[in-house]
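As structure tokens, the structure follows; a few thoughts come after it.
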Amino acid sequence: MKYLMTSLAALLASASFAGACEITLRSSDTHPDGYPTVEGVKSMAAEVKEKTDGRICIEVFPSSQLGEEKDTIEQTQFGVIDMVRASFGSFNDIVPVTQLMSLPYLFRSVEHSHAVLDGPIGEEIGGAFEERDLVALAFYDGGARSFYNSQKPITSIEDLAGMKFRVMQNDVFVDMMDALGANATPMPYGEVYSSIQTGVIDGPRTTSPAMTARAMPKWRSTSRWTST
């Protein structure tokens, strides 16, 4: 589960004027056009524009145009941009309570995770962002993370021994991979394909939407096996 974030201070302070829009807000996403989170914010932008009679517009910048997640989180904190869609893992160093959501095998099911984050625990986690000059707008379900690799099928934990996987730049994810016997290599999305080609990693640990809906045909072409 992940957060869509925005800085209220930025909403007021960094408005720009463009055409018919009195206020234009900038929203960042690392994923490309067509990815569910990008399309979700675009849908929100259309509704906001309609309900404000065209006064407030939201411009969506996909494909890491404004930077990777950690960079754009900081930009949002300081009012450089107005909104960012980011994974819980990218907030771990900024809002420590989010480390809880990065732990593996925490939920029994999708329904369980939704119930937790839609209840008091989710409210408490969301409230912690305000102490870091951020406001939580919504949760979304990004899907479970699986192992994709170019080397061999993974049918047991023992098969992970010595394998090299791209993970988010997140200490919890690195520690988890170490505990499973694999080698974690934190890196941005943009470096994954070349790193598989050169053998720096065997593949990414990521979500199925990221492999199917994201504009990553190169990733898919180099990741022959999937293990959930």
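Naming works like this for the structure tokens: A, B, ... for the chains as they're shown, residue 1 at the start of each chain, ligands 1 onward in shown order.
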- Message: Could you go through chain A and tell me which residues DSSP, when run on the backbone, assigns to strand (DSSP E or B), listing them as an NGL selection string?
- Response: :A and (2-6 or 16-18 or 21-28 or 56-61 or 83-86 or 135-140 or 145-149 or 164-167 or 183-186 or 203-207 or 225-227)
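Near A:Ala128, within 8 Å and counting only C-alpha atoms, sit Val95, Val97, Glu124 and Arg132 of chain A, not including residues fewer than 4 positions from it in the same chain.
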Take the residues that were just selected and, keeping N, CA and C atoms, output them as a JSON list (two decimals), in the first residue's frame.
```json
[["chain", "number", "residue", "atom", "x", "y", "z"],
["A", 95, "VAL", "N", 9.52, 9.80, 7.16],
["A", 95, "VAL", "CA", 8.44, 9.53, 8.12],
["A", 95, "VAL", "C", 8.65, 8.11, 8.65],
["A", 97, "VAL", "N", 7.52, 6.02, 10.77],
["A", 97, "VAL", "CA", 6.45, 5.06, 11.01],
["A", 97, "VAL", "C", 6.10, 4.29, 9.74],
["A", 124, "GLU", "N", -3.49, 7.07, 11.86],
["A", 124, "GLU", "CA", -2.31, 7.44, 12.65],
["A", 124, "GLU", "C", -1.07, 7.58, 11.75],
["A", 132, "ARG", "N", 6.00, 16.38, 8.93],
["A", 132, "ARG", "CA", 7.10, 16.56, 7.95],
["A", 132, "ARG", "C", 6.66, 17.47, 6.80]]
```
With a cut-off of 12 Å, could you pull out the residues of stretch 74-151 of chain A touching stretch 189-200 of chain A and give me the nearest pair of atoms for each, distance in Å to one decimal, using only C-alpha atoms, ordered by chain and ascending number, as CSV?
```
residue,atom,partner,partner_atom,distance
A:Tyr148,CA,A:Ile196,CA,10.8
A:Asn149,CA,A:Ile196,CA,8.6
A:Ser150,CA,A:Ile196,CA,7.8
A:Gln151,CA,A:Ile196,CA,10.2
```
Using N, CA and C atoms, can you export the residues from the last selection as an mmCIF file, in the first residue's frame?
```cif
data_model
loop_
_atom_site.group_PDB
_atom_site.id
_atom_site.type_symbol
_atom_site.label_atom_id
_atom_site.label_comp_id
_atom_site.auth_asym_id
_atom_site.auth_seq_id
_atom_site.Cartn_x
_atom_site.Cartn_y
_atom_site.Cartn_z
ATOM 1 N N TYR A 148 11.374 -11.055 -10.345
ATOM 2 C CA TYR A 148 11.509 -11.256 -11.788
ATOM 3 C C TYR A 148 12.995 -11.404 -12.080
ATOM 4 N N ASN A 149 13.370 -12.441 -12.832
ATOM 5 C CA ASN A 149 14.802 -12.606 -13.064
ATOM 6 C C ASN A 149 15.103 -13.259 -14.406
ATOM 7 N N SER A 150 16.346 -13.139 -14.822
ATOM 8 C CA SER A 150 16.794 -13.618 -16.125
ATOM 9 C C SER A 150 17.550 -14.941 -16.050
ATOM 10 N N GLN A 151 17.684 -15.517 -14.841
ATOM 11 C CA GLN A 151 18.577 -16.645 -14.665
ATOM 12 C C GLN A 151 17.904 -18.012 -14.522
#
```
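Neighbours of A:Ala20 closer than or equal to 10 Å, with only C-alpha atoms counted and sequence neighbours fewer than 4 positions away skipped, come out as Thr24, Asp53, Gly54, Arg55, Ile56 and Cys57 of chain A.
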- Which residues in stretch 23-84 of chain A does DSSP call alpha helix (DSSP H)? List them as a PyMOL selection string. chain A and resi 36-51+69-77
May I have the residues from that selection written out with C-alpha atoms, as a tab-separated table (two decimals), in the first residue's frame?
```
chain	number	residue	atom	x	y	z
A	36	PRO	CA	-2.86	3.19	-13.06
A	37	THR	CA	-1.50	5.82	-10.66
A	38	VAL	CA	-0.80	8.29	-13.46
A	39	GLU	CA	-4.25	7.79	-14.94
A	40	GLY	CA	-5.78	8.11	-11.45
A	41	VAL	CA	-4.24	11.53	-10.89
A	42	LYS	CA	-5.27	12.60	-14.37
A	43	SER	CA	-8.83	11.59	-13.53
A	44	MET	CA	-8.63	13.57	-10.30
A	45	ALA	CA	-7.28	16.55	-12.25
A	46	ALA	CA	-10.25	16.45	-14.61
A	47	GLU	CA	-12.69	16.34	-11.71
A	48	VAL	CA	-10.96	19.18	-9.86
A	49	LYS	CA	-11.00	21.33	-12.98
A	50	GLU	CA	-14.69	20.62	-13.55
A	51	LYS	CA	-15.70	21.30	-9.95
A	69	GLU	CA	10.51	9.48	-5.72
A	70	LYS	CA	12.80	10.61	-2.90
A	71	ASP	CA	13.81	13.71	-4.84
A	72	THR	CA	10.21	14.69	-5.56
A	73	ILE	CA	9.13	14.05	-1.98
A	74	GLU	CA	11.71	16.63	-0.86
A	75	GLN	CA	10.58	19.00	-3.61
A	76	THR	CA	7.03	18.71	-2.30
A	77	GLN	CA	8.14	19.36	1.27
```
- Note on the structure: As a check of understanding: the span from atom CA of A:Glu68 to atom CA of A:Arg85 is 10.6 Å
